[in-house]
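Reproduced below: run02.txt, with compact mmCIF, C-alpha atoms and all ligand atoms.
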# COMPACT_ATOMS: atom_id res chain seq x y z
CA MET A 1 61.70 -28.63 -140.60
CA ARG A 2 61.58 -30.62 -143.80
CA ALA A 3 58.22 -31.80 -145.14
CA GLU A 4 59.36 -35.45 -144.75
CA GLN A 5 59.82 -34.83 -141.03
CA LEU A 6 56.26 -33.58 -140.83
CA ALA A 7 55.11 -36.94 -142.20
CA THR A 8 56.91 -38.76 -139.37
CA GLU A 9 55.33 -36.44 -136.81
CA VAL A 10 51.89 -37.20 -138.22
CA ASP A 11 52.53 -40.98 -138.22
CA LEU A 12 53.50 -40.83 -134.54
CA ASP A 13 50.47 -38.77 -133.51
CA PRO A 14 48.16 -41.16 -131.61
CA ARG A 15 45.19 -39.70 -133.45
CA TYR A 16 46.53 -41.04 -136.73
CA SER A 17 48.99 -43.80 -135.87
CA GLY A 18 46.37 -46.60 -135.88
CA ILE A 19 45.30 -45.72 -139.40
CA ALA A 20 48.91 -45.10 -140.50
CA ARG A 21 49.87 -48.62 -139.43
CA LEU A 22 46.93 -50.23 -141.21
CA ARG A 23 47.79 -48.23 -144.33
CA THR A 24 51.26 -49.68 -144.52
CA GLU A 25 50.62 -53.17 -143.15
CA THR A 26 47.26 -54.23 -144.63
CA ARG A 27 45.78 -54.40 -148.10
CA TYR A 28 42.61 -52.57 -147.10
CA TYR A 29 43.83 -49.02 -147.55
CA ASP A 30 44.26 -47.27 -150.86
CA ALA A 31 43.19 -50.44 -152.65
CA VAL A 32 43.06 -49.89 -156.40
CA ILE A 33 39.95 -51.59 -157.74
CA ASP A 34 40.42 -52.79 -161.31
CA GLU A 35 36.90 -53.97 -162.02
CA ILE A 36 33.50 -54.45 -160.40
CA ASP A 37 30.81 -57.01 -161.12
CA GLY A 38 27.79 -56.28 -158.95
CA ARG A 39 29.12 -56.47 -155.40
CA ARG A 40 32.24 -58.38 -156.54
CA ILE A 41 35.41 -56.37 -156.99
CA ARG A 42 38.76 -57.25 -158.55
CA VAL A 43 42.04 -55.98 -157.14
CA GLY A 44 44.80 -57.16 -159.44
CA ASP A 45 43.87 -60.79 -160.03
CA HIS A 46 42.13 -61.20 -156.68
CA TRP A 47 38.34 -61.15 -156.58
CA LEU A 48 36.61 -60.15 -153.35
CA THR A 49 33.01 -59.61 -152.28
CA ASP A 50 32.37 -56.00 -151.43
CA TRP A 51 31.07 -55.57 -147.87
CA ALA A 52 32.45 -52.04 -147.57
CA SER A 53 29.96 -50.35 -149.87
CA CYS A 54 27.47 -47.92 -148.34
CA ASN A 55 25.33 -48.00 -151.49
CA TYR A 56 22.60 -49.53 -149.34
CA LEU A 57 19.85 -49.55 -151.98
CA GLY A 58 22.10 -50.68 -154.82
CA PHE A 59 21.37 -47.48 -156.77
CA ASP A 60 24.99 -47.39 -158.00
CA LEU A 61 24.19 -50.37 -160.23
CA GLU A 62 20.55 -49.55 -161.06
CA PRO A 63 20.09 -49.36 -164.87
CA GLN A 64 17.20 -46.86 -164.64
CA ILE A 65 19.41 -44.47 -162.67
CA ILE A 66 22.50 -44.96 -164.82
CA GLY A 67 20.31 -44.36 -167.89
CA ALA A 68 19.10 -41.00 -166.54
CA VAL A 69 22.54 -39.38 -166.56
CA GLU A 70 23.16 -38.79 -170.25
CA GLU A 71 20.09 -36.63 -170.88
CA GLN A 72 21.07 -34.27 -168.05
CA LEU A 73 24.69 -34.18 -169.23
CA ARG A 74 23.53 -33.12 -172.69
CA ARG A 75 21.33 -30.46 -171.17
CA TRP A 76 23.75 -29.03 -168.59
CA GLY A 77 27.24 -30.19 -169.52
CA THR A 78 29.37 -32.23 -167.16
CA HIS A 79 29.62 -29.63 -164.43
CA PRO A 80 27.79 -26.42 -163.57
CA SER A 81 30.83 -24.56 -162.42
CA TRP A 82 29.05 -21.55 -160.95
CA SER A 83 29.06 -21.61 -157.17
CA ARG A 84 25.50 -22.08 -156.00
CA MET A 85 25.40 -18.45 -154.91
CA LEU A 86 25.87 -17.39 -158.54
CA GLY A 87 23.61 -19.72 -160.45
CA ASN A 88 21.81 -23.03 -160.24
CA PRO A 89 20.63 -25.37 -162.97
CA ARG A 90 16.89 -25.92 -162.60
CA VAL A 91 17.58 -29.42 -161.19
CA TYR A 92 18.60 -27.80 -157.90
CA PRO A 93 15.17 -26.41 -156.97
CA GLN A 94 13.62 -29.63 -158.29
CA ILE A 95 15.80 -31.70 -155.95
CA GLU A 96 15.20 -29.41 -152.97
CA GLU A 97 11.44 -29.45 -153.45
CA ARG A 98 11.21 -33.22 -153.88
CA LEU A 99 13.47 -33.77 -150.92
CA ALA A 100 11.40 -31.46 -148.68
CA GLU A 101 8.28 -33.40 -149.68
CA LEU A 102 9.96 -36.76 -148.98
CA LEU A 103 11.25 -35.65 -145.57
CA GLY A 104 8.07 -33.78 -144.64
CA ALA A 105 10.42 -30.87 -143.88
CA PRO A 106 9.67 -27.15 -144.27
CA ASP A 107 12.52 -26.63 -146.76
CA THR A 108 15.89 -28.09 -147.73
CA LEU A 109 19.27 -26.83 -148.88
CA VAL A 110 21.65 -29.08 -150.81
CA LEU A 111 25.45 -28.77 -150.85
CA PRO A 112 28.08 -31.17 -152.19
CA THR A 113 29.04 -33.09 -149.03
CA ILE A 114 28.12 -33.53 -145.39
CA THR A 115 31.71 -32.82 -144.44
CA GLN A 116 31.42 -29.37 -145.99
CA ILE A 117 28.08 -28.84 -144.26
CA HIS A 118 29.45 -29.64 -140.80
CA LEU A 119 32.52 -27.46 -141.25
CA SER A 120 30.56 -24.49 -142.49
CA VAL A 121 27.11 -24.70 -140.90
CA ILE A 122 27.92 -25.78 -137.31
CA PRO A 123 30.03 -22.63 -136.71
CA VAL A 124 27.33 -20.43 -138.25
CA LEU A 125 24.60 -21.95 -136.08
CA ALA A 126 26.70 -22.09 -132.91
CA HIS A 127 27.83 -18.51 -133.27
CA GLN A 128 29.33 -17.42 -129.90
CA GLY A 129 27.13 -19.92 -128.06
CA THR A 130 27.60 -23.55 -126.99
CA VAL A 131 28.07 -26.77 -128.96
CA LEU A 132 27.45 -30.03 -127.15
CA VAL A 133 28.70 -33.01 -129.13
CA ASP A 134 27.97 -36.69 -128.67
CA ALA A 135 31.18 -38.57 -127.81
CA ARG A 136 30.40 -41.10 -130.57
CA ALA A 137 29.51 -38.57 -133.23
CA HIS A 138 31.19 -38.88 -136.62
CA LYS A 139 34.64 -37.32 -136.96
CA THR A 140 33.30 -34.79 -139.46
CA ILE A 141 30.82 -33.48 -136.85
CA TRP A 142 33.67 -33.15 -134.37
CA ASP A 143 35.67 -31.19 -136.92
CA GLY A 144 32.74 -28.81 -137.40
CA CYS A 145 32.43 -28.35 -133.62
CA VAL A 146 36.16 -27.70 -133.21
CA PHE A 147 35.90 -25.12 -135.97
CA ALA A 148 32.96 -23.52 -134.14
CA ARG A 149 35.05 -23.39 -130.97
CA ALA A 150 37.84 -21.69 -132.88
CA GLN A 151 35.29 -19.05 -133.86
CA GLY A 152 34.17 -18.33 -130.32
CA ALA A 153 31.73 -21.06 -129.32
CA THR A 154 32.11 -23.10 -126.13
CA MET A 155 32.35 -26.82 -126.76
CA ALA A 156 31.67 -29.81 -124.52
CA ARG A 157 30.94 -33.45 -125.12
CA PHE A 158 28.36 -35.81 -123.66
CA LYS A 159 28.23 -39.60 -123.47
CA SER A 160 24.59 -40.23 -122.56
CA LEU A 161 21.19 -38.59 -122.46
CA ASP A 162 21.64 -37.98 -118.71
CA GLU A 163 24.97 -36.30 -119.24
CA LEU A 164 23.44 -34.19 -121.99
CA ALA A 165 20.68 -33.08 -119.59
CA GLU A 166 23.34 -32.04 -117.11
CA ARG A 167 25.28 -30.10 -119.74
CA LEU A 168 22.13 -28.41 -120.97
CA ARG A 169 21.31 -27.29 -117.43
CA SER A 170 24.72 -25.71 -117.04
CA ALA A 171 25.15 -24.23 -120.54
CA THR A 172 25.40 -20.50 -120.09
CA ALA A 173 26.20 -19.15 -123.54
CA GLY A 174 23.42 -19.41 -126.16
CA PRO A 175 22.48 -20.43 -128.75
CA VAL A 176 22.95 -24.05 -127.73
CA LEU A 177 23.47 -26.64 -130.45
CA VAL A 178 23.44 -30.38 -129.69
CA CYS A 179 25.27 -32.39 -132.37
CA MET A 180 24.99 -36.11 -132.90
CA ASP A 181 24.72 -38.92 -135.45
CA GLY A 182 21.36 -40.33 -136.45
CA VAL A 183 21.98 -43.99 -137.34
CA ASN A 184 25.48 -44.34 -135.93
CA SER A 185 28.09 -44.97 -138.59
CA MET A 186 30.05 -47.49 -136.50
CA THR A 187 27.56 -49.24 -134.21
CA GLY A 188 24.66 -49.12 -136.68
CA ASN A 189 22.36 -48.22 -133.83
CA ILE A 190 19.38 -45.87 -133.99
CA PRO A 191 19.41 -43.33 -131.14
CA ASP A 192 16.02 -42.35 -129.76
CA VAL A 193 16.01 -38.87 -131.30
CA ARG A 194 12.54 -38.28 -129.87
CA ARG A 195 14.04 -38.12 -126.39
CA TYR A 196 16.97 -36.00 -127.54
CA ALA A 197 14.65 -33.60 -129.38
CA GLU A 198 12.32 -33.32 -126.38
CA LEU A 199 15.21 -32.65 -124.03
CA CYS A 200 16.55 -29.98 -126.38
CA ARG A 201 13.10 -28.41 -126.65
CA GLU A 202 12.83 -28.27 -122.85
CA HIS A 203 16.10 -26.34 -122.72
CA GLY A 204 15.57 -24.15 -125.77
CA ALA A 205 18.42 -25.90 -127.62
CA VAL A 206 18.61 -26.95 -131.27
CA LEU A 207 19.29 -30.59 -132.12
CA TYR A 208 21.63 -31.05 -135.09
CA VAL A 209 21.44 -34.63 -136.40
CA ASP A 210 23.61 -36.23 -139.09
CA ASP A 211 21.62 -39.12 -140.51
CA ALA A 212 24.02 -40.03 -143.32
CA HIS A 213 23.35 -43.74 -142.77
CA GLY A 214 19.64 -43.57 -141.93
CA PHE A 215 18.48 -41.54 -144.94
CA GLY A 216 17.30 -43.98 -147.61
CA VAL A 217 17.24 -46.88 -145.15
CA ILE A 218 14.88 -46.06 -142.26
CA GLY A 219 11.74 -43.96 -142.45
CA GLU A 220 8.15 -43.41 -141.40
CA ARG A 221 6.43 -46.26 -139.59
CA GLY A 222 3.04 -47.62 -140.62
CA ASP A 223 0.87 -50.70 -140.99
CA ASP A 224 1.83 -51.09 -144.65
CA GLU A 225 5.60 -51.06 -144.09
CA THR A 226 7.55 -53.83 -145.80
CA SER A 227 10.12 -54.13 -142.99
CA PRO A 228 10.91 -52.74 -139.53
CA TYR A 229 13.02 -50.09 -141.28
CA GLY A 230 9.70 -48.34 -142.01
CA SER A 231 8.75 -46.79 -145.34
CA ARG A 232 10.13 -44.34 -147.89
CA GLY A 233 13.59 -44.13 -146.30
CA ASN A 234 12.80 -40.60 -145.19
CA SER A 235 15.23 -40.65 -142.27
CA ILE A 236 15.40 -40.95 -138.52
CA MET A 237 13.15 -37.92 -137.95
CA ARG A 238 10.24 -39.57 -139.72
CA TYR A 239 11.11 -42.96 -138.23
CA PHE A 240 10.40 -41.38 -134.83
CA ASP A 241 7.61 -39.19 -136.25
CA GLN A 242 9.36 -36.06 -135.00
CA PRO A 243 8.61 -32.49 -136.08
CA TYR A 244 11.42 -30.25 -137.30
CA ASP A 245 10.66 -27.39 -134.84
CA ASN A 246 13.99 -27.32 -133.05
CA VAL A 247 15.86 -29.75 -135.26
CA VAL A 248 18.35 -29.33 -138.09
CA LEU A 249 18.53 -32.60 -139.98
CA VAL A 250 21.61 -33.24 -142.13
CA GLY A 251 21.87 -36.13 -144.53
CA GLY A 252 23.58 -37.19 -147.67
CA PHE A 253 23.05 -38.93 -150.96
CA SER A 254 26.51 -40.46 -151.01
CA LYS A 255 25.36 -43.60 -149.22
CA ALA A 256 21.88 -44.94 -150.04
CA TYR A 257 21.50 -42.79 -153.17
CA SER A 258 25.02 -43.33 -154.53
CA SER A 259 25.47 -39.67 -155.53
CA LEU A 260 27.76 -36.86 -154.45
CA LEU A 261 25.31 -34.51 -152.77
CA ALA A 262 24.23 -33.70 -149.21
CA PHE A 263 21.42 -31.74 -147.57
CA LEU A 264 20.09 -29.80 -144.62
CA ALA A 265 16.39 -29.82 -143.69
CA VAL A 266 15.72 -26.34 -142.33
CA PRO A 267 13.04 -23.62 -142.27
CA THR A 268 13.23 -21.29 -145.30
CA VAL A 269 14.36 -18.36 -143.16
CA LEU A 270 17.37 -20.33 -141.94
CA LYS A 271 18.07 -21.63 -145.45
CA ASN A 272 18.27 -18.03 -146.66
CA ARG A 273 20.56 -17.14 -143.78
CA LEU A 274 22.88 -20.04 -144.72
CA LYS A 275 22.87 -18.88 -148.33
CA ALA A 276 24.58 -15.74 -147.09
CA SER A 277 26.98 -17.39 -144.65
CA ALA A 278 27.92 -20.99 -145.54
CA ALA A 279 31.13 -21.10 -147.59
CA PRO A 280 30.22 -24.17 -149.71
CA TYR A 281 27.11 -22.33 -150.97
CA LEU A 282 28.97 -19.10 -151.56
CA TYR A 283 32.33 -20.21 -152.85
CA SER A 284 32.65 -23.97 -153.55
CA GLY A 285 32.29 -25.75 -156.84
CA PRO A 286 28.95 -27.61 -156.95
CA SER A 287 28.21 -31.32 -157.37
CA PRO A 288 28.73 -32.63 -160.91
CA THR A 289 25.70 -32.90 -163.17
CA ALA A 290 25.82 -36.71 -163.10
CA SER A 291 25.26 -36.64 -159.34
CA LEU A 292 22.32 -34.25 -159.62
CA ALA A 293 20.83 -36.54 -162.29
CA THR A 294 21.28 -39.70 -160.20
CA VAL A 295 19.65 -38.02 -157.19
CA LEU A 296 16.57 -37.10 -159.23
CA ALA A 297 16.34 -40.56 -160.79
CA GLY A 298 16.97 -42.05 -157.35
CA PHE A 299 13.85 -40.29 -156.04
CA ASP A 300 11.83 -42.03 -158.77
CA VAL A 301 13.25 -45.48 -158.05
CA ASN A 302 12.81 -44.91 -154.32
CA ALA A 303 9.14 -44.06 -154.85
CA GLU A 304 8.58 -47.02 -157.20
CA ARG A 305 10.63 -49.78 -155.57
CA GLY A 306 12.41 -48.41 -152.51
CA ASP A 307 10.31 -50.24 -149.95
CA LYS A 308 10.83 -53.54 -151.74
CA LEU A 309 14.60 -52.94 -151.76
CA ARG A 310 14.55 -52.03 -148.06
CA ALA A 311 12.67 -55.26 -147.29
CA GLU A 312 15.44 -57.20 -149.05
CA LEU A 313 18.10 -55.16 -147.26
CA HIS A 314 16.49 -55.94 -143.93
CA ARG A 315 16.11 -59.64 -144.75
CA MET A 316 19.76 -60.04 -145.72
CA SER A 317 21.02 -57.93 -142.79
CA MET A 318 19.03 -60.18 -140.44
CA ARG A 319 20.60 -63.27 -142.02
CA VAL A 320 24.02 -61.96 -141.01
CA LEU A 321 22.97 -60.58 -137.63
CA ASN A 322 21.08 -63.74 -136.60
CA HIS A 323 24.11 -65.81 -137.54
CA VAL A 324 26.42 -63.57 -135.49
CA ARG A 325 24.06 -63.77 -132.52
CA ASP A 326 23.63 -67.55 -132.81
CA LEU A 327 27.41 -67.89 -132.68
CA GLY A 328 27.49 -65.83 -129.46
CA VAL A 329 29.69 -63.21 -131.14
CA PHE A 330 29.50 -59.60 -129.94
CA THR A 331 28.38 -56.84 -132.24
CA PRO A 332 27.34 -53.41 -130.97
CA ASN A 333 24.47 -53.45 -133.49
CA THR A 334 21.29 -53.99 -131.48
CA ASP A 335 18.94 -52.19 -133.87
CA ASN A 336 19.24 -54.46 -136.92
CA THR A 337 20.45 -51.90 -139.46
CA PRO A 338 22.78 -53.05 -142.28
CA ILE A 339 25.93 -51.73 -140.47
CA ILE A 340 27.49 -54.67 -138.66
CA GLU A 341 30.66 -54.05 -136.72
CA LEU A 342 32.53 -57.07 -135.37
CA PRO A 343 35.09 -56.10 -132.69
CA ILE A 344 37.97 -58.54 -132.38
CA ALA A 345 39.24 -60.06 -129.13
CA LEU A 346 41.60 -57.76 -127.23
CA ASP A 347 44.57 -60.12 -127.69
CA ARG A 348 44.18 -60.24 -131.49
CA ASP A 349 45.89 -58.00 -134.00
CA LEU A 350 43.71 -56.39 -136.66
CA VAL A 351 46.53 -56.65 -139.21
CA ASP A 352 46.57 -60.49 -138.90
CA VAL A 353 42.78 -60.68 -139.02
CA SER A 354 42.70 -58.47 -142.11
CA GLU A 355 45.11 -60.79 -143.96
CA LEU A 356 42.82 -63.73 -143.36
CA LEU A 357 39.79 -61.72 -144.51
CA TRP A 358 41.67 -60.82 -147.67
CA GLN A 359 42.55 -64.44 -148.35
CA ARG A 360 38.93 -65.43 -147.85
CA GLY A 361 37.88 -62.79 -150.37
CA LEU A 362 36.02 -60.30 -148.15
CA PHE A 363 36.44 -56.58 -148.72
CA VAL A 364 35.50 -54.89 -145.42
CA THR A 365 36.05 -51.64 -143.54
CA LEU A 366 38.73 -51.98 -140.89
CA ALA A 367 37.87 -50.10 -137.70
CA PRO A 368 41.00 -48.98 -135.80
CA TYR A 369 41.27 -46.77 -132.71
CA PRO A 370 40.44 -43.85 -132.40
CA GLY A 371 37.66 -44.24 -134.99
CA VAL A 372 36.14 -46.66 -132.50
CA PRO A 373 36.87 -47.11 -128.77
CA ARG A 374 39.92 -49.31 -128.05
CA ASP A 375 37.74 -52.24 -126.98
CA GLN A 376 35.79 -52.13 -130.24
CA VAL A 377 38.66 -52.30 -132.70
CA GLY A 378 37.67 -54.74 -135.42
CA PHE A 379 36.02 -54.59 -138.80
CA ARG A 380 32.68 -53.55 -140.19
CA VAL A 381 30.55 -55.03 -142.92
CA GLN A 382 27.66 -53.28 -144.59
CA VAL A 383 24.93 -55.19 -146.32
CA THR A 384 23.40 -53.63 -149.43
CA ALA A 385 20.37 -54.56 -151.52
CA ALA A 386 22.80 -55.51 -154.32
CA ASN A 387 24.38 -58.31 -152.31
CA THR A 388 23.15 -61.84 -152.97
CA ASP A 389 22.17 -64.69 -150.69
CA ASP A 390 25.17 -66.68 -151.92
CA GLN A 391 27.42 -63.83 -150.81
CA VAL A 392 25.72 -63.79 -147.40
CA ASP A 393 26.35 -67.56 -147.11
CA GLU A 394 30.02 -66.97 -147.93
CA LEU A 395 30.29 -64.13 -145.37
CA ASN A 396 28.57 -66.18 -142.69
CA ALA A 397 30.93 -69.10 -143.30
CA VAL A 398 33.98 -66.85 -142.78
CA ILE A 399 32.43 -65.33 -139.63
CA ALA A 400 31.88 -68.87 -138.29
CA GLU A 401 35.49 -69.80 -139.09
CA LEU A 402 36.81 -66.71 -137.30
CA ALA A 403 34.50 -67.28 -134.34
CA ALA A 404 35.75 -70.88 -134.00
CA ALA A 405 39.32 -69.55 -134.00
CA GLY A 406 38.47 -67.19 -131.12
CA VAL A 407 39.00 -64.04 -133.17
CA PHE A 408 35.90 -62.24 -131.91
CA GLN A 409 34.67 -61.00 -128.56
CA GLU A 410 31.91 -62.95 -126.92
CA ALA A 411 28.41 -61.50 -126.78
CA ARG A 412 28.00 -59.34 -123.72
CA GLU A 413 25.37 -59.46 -121.06
CA GLY A 414 22.54 -57.17 -122.12
CA SER A 415 23.63 -56.86 -125.76
CA ALA A 416 21.34 -58.32 -128.40
CA SER A 417 24.05 -60.82 -129.31
C1 LIG B 501 27.87 -40.07 -140.20
C2 LIG B 501 28.63 -39.54 -141.37
N1 LIG B 501 28.65 -38.22 -141.61
C3 LIG B 501 29.33 -37.70 -142.64
C4 LIG B 501 30.03 -38.50 -143.53
C5 LIG B 501 30.75 -37.85 -144.66
O1 LIG B 501 29.82 -37.62 -145.67
P1 LIG B 501 30.24 -36.85 -147.00
O2 LIG B 501 30.93 -37.86 -147.84
O3 LIG B 501 28.93 -36.42 -147.60
O4 LIG B 501 31.10 -35.73 -146.61
C6 LIG B 501 30.02 -39.87 -143.34
C7 LIG B 501 30.74 -40.74 -144.30
O5 LIG B 501 31.20 -41.79 -144.03
C8 LIG B 501 29.32 -40.41 -142.25
O6 LIG B 501 29.32 -41.72 -142.01
Show how you would write the structure in this file as C-alpha cells.
Ligand SMILES: Cc1ncc(COP(=O)(O)O)c(C=O)c1O
Amino acid sequence: MRAEQLATEVDLDPRYSGIARLRTETRYYDAVIDEIDGRRIRVGDHWLTDWASCNYLGFDLEPQIIGAVEEQLRRWGTHPSWSRMLGNPRVYPQIEERLAELLGAPDTLVLPTITQIHLSVIPVLAHQGTVLVDARAHKTIWDGCVFARAQGATMARFKSLDELAERLRSATAGPVLVCMDGVNSMTGNIPDVRRYAELCREHGAVLYVDDAHGFGVIGERGDDETSPYGSRGNSIMRYFDQPYDNVVLVGGFSKAYSSLLAFLAVPTVLKNRLKASAAPYLYSGPSPTASLATVLAGFDVNAERGDKLRAELHRMSMRVLNHVRDLGVFTPNTDNTPIIELPIALDRDLVDVSELLWQRGLFVTLAPYPGVPRDQVGFRVQVTAANTDDQVDELNAVIAELAAAGVFQEAREGSAS
C-alpha cells in the first residue's frame, strides 16, 4: 500500500473523519498566526479576538514573567539536553519543591507534558491490574489507558459515580487505577473528586486525576477568597480539601502558567519508582530553559497577584455565562469555570457556523465528534484574564446574533442555563 492510500484510510476512519473535514473545510485548523496584540490575533490581514487561548491567567503576556527568561538562558543555555535521569539544572528541584508547597502535596515530579505522563505513568501504575476510565476523560488519558491495556492491564470505562462503584466491586485484578479529568476540558465542569476519592479509598483503588484546566484556576476555599474559584489556584484537590493518600494528581503548566511543563503530585517513594520506570524521565529531552524560567516566575506572580487575576477571570467568565443563560442557550458548563462550550442545534453544520464566527472575528475552538458526544458538537470559548470587557461585549453580541438565528440548542431542563 502506498503512503497516500494510508492517508485516505485515516480520513475515512470515523475516529478522525470529523476533524479531517473541519481541517479541509474551515479556517480554524492549522491557522498561521502572523501577529498577536494582547488577545487579538492577525491571520493574514484578518484580525480576530482570541477565545481559544488556555493561558487563563494571562501569564503569556506578563512582563515580569517574560523578563525572567533571559537571566536563566544566560545561566543554563537554551536547553538542558540531558534527559532528567542524567542531570538536572538546579531549577528542577526548585520548581518541584515550590510546587509541592503550593499543592500541599508530599512531593512532585515534573516532566515536559501531560501527554507524556499519561502514556508512561498510567501503564506503570496499572501494571497487570485494572484501569477504570471516565467516559469523558481527555483523549490523552484514554491513550495512556489503552497503552496500559496493551501491557497487560484490564481496562473498562464508567459513565457515572454509580457505574464506577459497580466496576470497583467487580474489579478482580489489582492494583486498580481510576482515571478521570479534574476540571473537564470540554464541559468546564468540576467533578466532585471528594466522592470519587472516598469511593476509591473504600475499594482500595488509586484515583488518578488530570487537572490540566483546574491548576492555576481553582484552589483552596476560605473566607478571604477573591472569587468562588477559591485561592492560590492550587487545583481541584485543594478546592475540595482532599488529602493525597490514595490520589495521584497530574497537572500542567501549559495552560494557566503558559509554559511547557507538567507534573505529578506523588509520595517520594512513588516519585523514585517513576524515576526508574517512566520513559520521559529516563529518555526524553527535557523542557526548554525558557519554560522552566517562566514556571518559576509564574509562581511569584501567582503568589503576588494570582487571586486578583482569578477574580477578574471569574468576573468576565460570569459576564459570558450569564448572557448565555439569559438567552436560554444551552451550555454544559454548570460550574462557572472559564471553559464555555456552546453546542449547536442538531440540524446545523459546524462548518457553516465556523465561517460566520470567522467573519465576525472570533477565534474559537471547534468541537467535533468524537471529541465531544454527537449532541454536543459545537464550539468552545475560553475566557482568560488577558481578555477585556470590550472583547466580552463583542463576544456576547455575536452569541446573541447566533442565538436569534437559531444556531444553538435551547437550555435544557435541569441545566444551569
Ligand atoms: C485535560 C487535558 N489533559 C492533557 C492535555 C495535554 O496536555 P499537554 O500539552 O501537557 O500534553 C490537555 C490539553 O489540552 C488537556 O486538556
(message) For a quick check of understanding, using only C-alpha atoms and all ligand atoms, which of A:Thr268, A:Ser83, A:Ser354, A:Thr365 has the smallest distance to ligand LIG 501 (chain B)?
(response) A:Thr365
(request) Let me have all residues with an atom within 7 Å of ligand LIG 501 (chain B), counting all atoms listed in the file, laid out as number ranges by chain. (result) A: 113-116, 138, 140, 181, 184-185, 210-213, 252, 254, 260-262
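Among the candidate residues A:Thr26, A:Arg412, A:Phe330, A:Ser259, the one lying nearest to Thr289 in chain A is A:Ser259, with distances computed using only C-alpha atoms.
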(message) When you look at Leu402 in chain A with a cut-off of 12 Å (counting only C-alpha atoms), what residues show up, excluding the ones that are within fewer than 2 positions of it in the same chain? I need them as a list in words.
(response)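 That gives Val324, Leu327, Val329, Leu342, Pro343, Ile344, Ala345, Arg348, Asp352, Val353, Ser354, Leu356, Leu357, Arg360, Leu395, Asn396, Ala397, Val398, Ile399, Ala400, Ala404, Ala405, Gly406, Val407, Phe408 and Gln409 of chain A.
Taking CA of Leu177 in chain A and CA of Tyr257 in chain A as the two end points, the separation is 27.9 Å.
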Taking (14.0, -41.5, -156.9) in the file's coordinates as the center, which residues reach within 12 Å of it, counting only C-alpha atoms, put as an mmCIF file with C-alpha atoms, in the frame of the given file?
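Printed below is result.cif as written:
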data_model
loop_
_atom_site.group_PDB
_atom_site.id
_atom_site.type_symbol
_atom_site.label_atom_id
_atom_site.label_comp_id
_atom_site.auth_asym_id
_atom_site.auth_seq_id
_atom_site.Cartn_x
_atom_site.Cartn_y
_atom_site.Cartn_z
ATOM 1 C CA LEU A 57 19.850 -49.550 -151.980
ATOM 2 C CA PHE A 59 21.370 -47.480 -156.770
ATOM 3 C CA GLU A 62 20.550 -49.550 -161.060
ATOM 4 C CA GLN A 64 17.200 -46.860 -164.640
ATOM 5 C CA ILE A 65 19.410 -44.470 -162.670
ATOM 6 C CA ALA A 68 19.100 -41.000 -166.540
ATOM 7 C CA GLN A 94 13.620 -29.630 -158.290
ATOM 8 C CA ILE A 95 15.800 -31.700 -155.950
ATOM 9 C CA ARG A 98 11.210 -33.220 -153.880
ATOM 10 C CA LEU A 99 13.470 -33.770 -150.920
ATOM 11 C CA LEU A 102 9.960 -36.760 -148.980
ATOM 12 C CA GLY A 216 17.300 -43.980 -147.610
ATOM 13 C CA ARG A 232 10.130 -44.340 -147.890
ATOM 14 C CA GLY A 233 13.590 -44.130 -146.300
ATOM 15 C CA ASN A 234 12.800 -40.600 -145.190
ATOM 16 C CA PHE A 253 23.050 -38.930 -150.960
ATOM 17 C CA ALA A 256 21.880 -44.940 -150.040
ATOM 18 C CA TYR A 257 21.500 -42.790 -153.170
ATOM 19 C CA SER A 258 25.020 -43.330 -154.530
ATOM 20 C CA SER A 259 25.470 -39.670 -155.530
ATOM 21 C CA LEU A 292 22.320 -34.250 -159.620
ATOM 22 C CA ALA A 293 20.830 -36.540 -162.290
ATOM 23 C CA THR A 294 21.280 -39.700 -160.200
ATOM 24 C CA VAL A 295 19.650 -38.020 -157.190
ATOM 25 C CA LEU A 296 16.570 -37.100 -159.230
ATOM 26 C CA ALA A 297 16.340 -40.560 -160.790
ATOM 27 C CA GLY A 298 16.970 -42.050 -157.350
ATOM 28 C CA PHE A 299 13.850 -40.290 -156.040
ATOM 29 C CA ASP A 300 11.830 -42.030 -158.770
ATOM 30 C CA VAL A 301 13.250 -45.480 -158.050
ATOM 31 C CA ASN A 302 12.810 -44.910 -154.320
ATOM 32 C CA ALA A 303 9.140 -44.060 -154.850
ATOM 33 C CA GLU A 304 8.580 -47.020 -157.200
ATOM 34 C CA ARG A 305 10.630 -49.780 -155.570
ATOM 35 C CA GLY A 306 12.410 -48.410 -152.510
ATOM 36 C CA ASP A 307 10.310 -50.240 -149.950
#
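In this comparison, which uses only C-alpha atoms, the residue of A:Ser160, A:Val69, A:Ala105, A:Ile33 approaching Ala137 in chain A most closely is A:Ser160.
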(request) Name the closest residue to Pro370 in chain A among the candidates A:Ser17, A:Thr331, A:Asn387, A:Thr24; distances are taken between atoms, counting all atoms listed in the file. (result)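 Among the listed residues, A:Ser17 lies closest to Pro370 in chain A.
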(message) Can you measure CA of Val183 in chain A to CA of Arg195 in chain A for me? One decimal in Å is fine.
(response)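 If I compute the distance from CA of Val183 in chain A to CA of Arg195 in chain A, I get 14.7 Å.
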(request) Counting only C-alpha atoms, figure out which residue out of A:Ile339, A:Cys200, A:Ile41, A:Leu362 gets nearest to Ala165 in chain A. (result)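 Of the candidates, the smallest distance to Ala165 in chain A is held by A:Cys200.
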(request) Name the closest residue to Pro243 in chain A among the candidates A:Ala100, A:Ile36, A:Val131, A:Ala197; distances are taken between atoms, counting only C-alpha atoms. (result)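 Once distances to Pro243 in chain A are computed over only C-alpha atoms, the minimum belongs to A:Ala197.
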(message) Just the number, please: distance in Å from CA of Met85 in chain A to CA of Leu109 in chain A, one decimal.
(response) 12.0 Å
(request) Skip Leu168 in chain A itself and residues of its chain fewer than 4 positions away, then list as an MDAnalysis selection string all residues within 10 Å of it, counting all atoms listed in the file. (result) chainID A and resid 130 132 162:164 172 176:178 199:200 202:205
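Residues with at least one atom no more than 7 Å from (21.0, -64.4, -144.1), using all atoms listed in the file, are Arg315, Met316, Ser317, Met318, Arg319, Val320, Asp389, Val392 and Asp393 of chain A.
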